[in-house]
Amino acid sequence: MPDLPPATRGGHYVPNREPLRPVPFQKLPPGAIVPRGWLAQQLDLQVKGLCGRYDEISDFLVYETNGWVDPALDAWEELPYWLRGFGDLGYVTGDPGVLMRTERWINGILATQAADGWFGPERLRTSLEGGPDFWPGMPLLGALRSWFEYTGDERVIPFMTRYLAFQNTQPPEVFNRSWGAFRWGDNIDSAYWLYNRTGDAWLLDLVHKMHAGSADYVSGIPNWHNVNLAQGFREPLQYGLLATDRDYAAATYRNYATVMAEYGQFPGGGFAGDENPRPGFVDPRQGFEVCGIAEFMHSFEMLTRFTGDTVWADRCEELAFNALPASYDPLQQVLHYMTCANSVQLDDRMKHGQFENPFPMQAFKYGVRQYRCCPHNYGMAWPYYAQELWLATTDGGLAASLYAASAVTATVGDGRTVTVAQDTEYPFGDTITFTVGTADPVEFPLYLRIPGWAEGAEVDGERAEGNWVKLDRTWSDGDQVTLKLPMRITTRTWAANQNSISVDRGPLTYSLAIAERYERIGGTDEWPELAVHAESPWNYGLPTDATFELVRRDAGQDPFTQDGVPLAITTTGQRIPQWETDTEDVVGLLQPSPARSTEPVEQIALIPMGAARLRVTAFPQVDAEGIDWVYRTRITASHVHKADSLEAVNDDRVPASSADVTIPRFTWREQRGTTEWIQYDLRTPRELSTVSVYWVDDAGDCRLPASWRALWLDGEIWRPIEATYPVAPDCLSTASFAPVRAQIVRVEATLQPTASAGILQLVVG
């Protein structure tokens, strides 16, 4: 990697002590970097919006009733999540109200420490099999570290030392319980942070204990929860900074590749994690939890510092620009739980065929109880991003790691302080100008990251080679450097997702501009709950020979809104009539590309994904000689359990048995002794002579029904089909009958008095 900053134990900030491996970058203290431009505007929205005022509405954040300041009371992860982002929001913006409230919470937390080092709610000491729950303390350690770096508060180091010493007294099994088992990488980072400041060797023993006792990310993926993955995949590389006998770094790279190859085959930088990635649920309509977005960004920022590999910074920007702004409303008052690459309606209804979680997840809400973790946790994303724009190098220099208008003040060279301003419209513009401010000439290296997509990048008009450009010179006040990152319109083909394509320009991915209608469905004027509906067609495919043209618009106040976005791309598209929403208003699954379309060719506009709250981002390709798409069967039922899927019965997955829990299922759970139904609208009349049902029989809530039958709709009359209806487990129970011509067919089941029933597969033919 040409001109990668050296990994040594030098520099003006805090390097890794021996025996930790040296790394090329050091994080600057909070407050050293002042965001400008659109990033400052996003942070201002955050101060005035959900994160900055969440303590006004979240009952988890009431100081007087919170267990983190009164250990006799209860609390869990909500305050740690929120305070981690809230405090850093204050440090990067300097907002006095945020800083004052942060200080109050920090003082309260520091006052709770017991003689043995434990702090926070006493209940958590014994809440996991009689042992402590260390998970919610992990984000709080991050909050305390930032507070120390910003203020120099001398209480923090001894506080953390006592707490980690308490952890070091715990038996190995404590490190492999509940959420913390999959997130010890966060605690390892805090242990390194403390070791680098104190030199206490026992902290490295604790790191060995944390790694050995927690979930094994070295051998593969130990747990598929999306946030566990977003945090945990990096743990091997982190441990590898201490361990020397295995290539732990390779495991982190492999973990990322495994997750993304299976579940991240769509644009935006995330993966299908709603709540857990599930086999077969890989379409671009799947969602990525907002917590996952924030934690993935944090992981990428850390890995950039540890490795110097620019691919992690590229990935961080992809999420930051494309997925993060799309996760909240334009005023950043409310957010939703899941953000999808393809999403054409955001409402407050259950989506049985789309998401795993048994609650609505797409309307914009303040979500104290509904979304809970995400609105408390999302607040770290932009402040952390702002703090990672610039990094110190171990050779006394500075590195522009992530790009946004900003100014950094830091110690460089022989110990003098300089300011470097970064003026740019990036990611909407391709030119970045750096201006040095210094009282006297000073020699230091300035490193500039070259993104992987920026072919032909230039520094002061000369071709830039490699992933980092090093400018090692004596700098005078007012010296400037211009970085040009050519942004070409390109497409990516997602072979694993039906050969769909996405459109990029530089780090921005573009989505169809869909007219959006906001509907107030609850809340208050200050904290509205919002649904968003499409007011224009969305089911477009892009021609296989599509051409694209960049259009510049008059920029509004917020570039991550439809009204404010400064760029658009025009192209042509054709509608695909067979691409519809399903019975729950979820965008339909993609079918193979190119699709055949004879619809008129229309001019359409694409806007950056982060500015589109409704979007199609993974487009089918269309061609006059393409593949005929089919109208998908529309499925309805008398009842469906909140955790089950209507579409499970028609997803072509073959059950291993009637008790198979590895594939989606449809059930009437909660219903017992009643007559229930599930119905197919085949979209066109067909001649039918069989109906086959693979019944659920799991020895639990769902048993075989007492009886069942099929009916077909004749005009407005349901006509029973005369047949013998067998009921058997672990196979398709097939009823054969004299042919009928029908479009709408229903299976009606009489449930046992003490059990419900369900279906894994329903086939008509």
# chains A, B, ... in the order shown; residues from 1 in each chain; ligands from 1

call {"tool": "select_by_dssp", "arguments": {"residues": "stretch 495-696 of chain A", "states": "helix (DSSP H, G or I)", "output": "list in words"}}
result
Ala495, Ala496, Asn497, Met609, Gly610, Ala611, Leu646, Glu647, Ala648, Val649 and Asn650 of chain A

call {"tool": "residues_around", "arguments": {"residues": "A:Leu204", "least_positions_apart": "3", "cutoff": "9 Å", "atoms": "only C-alpha atoms", "output": "list of chain:residue names"}}
result
A:Ala191, A:Tyr192, A:Tyr195, A:Asp200, A:Ala201, A:Val207, A:His208, A:Lys209, A:Leu242

call {"tool": "residues_around", "arguments": {"residues": "A:Leu448", "least_positions_apart": "4", "cutoff": "7 Å", "atoms": "only C-alpha atoms", "output": "PyMOL selection string"}}
result
chain A and resi 399-401+468-470

call {"tool": "closest_residue", "arguments": {"among": "A:Ala40, A:Ala410, A:Val442, A:Ile57", "to": "A:Leu28", "atoms": "only C-alpha atoms"}}
result
A:Ala410

call {"tool": "residues_around", "arguments": {"residues": "A:Gln743", "least_positions_apart": "5", "cutoff": "9 Å", "atoms": "only C-alpha atoms", "output": "PyMOL selection string"}}
result
chain A and resi 680-687+712-714

call {"tool": "residues_around", "arguments": {"residues": "A:Val418", "least_positions_apart": "5", "cutoff": "7 Å", "atoms": "only C-alpha atoms", "output": "list in words"}}
result
Thr409, Ala410, Thr411, Gly437 and Thr438 of chain A
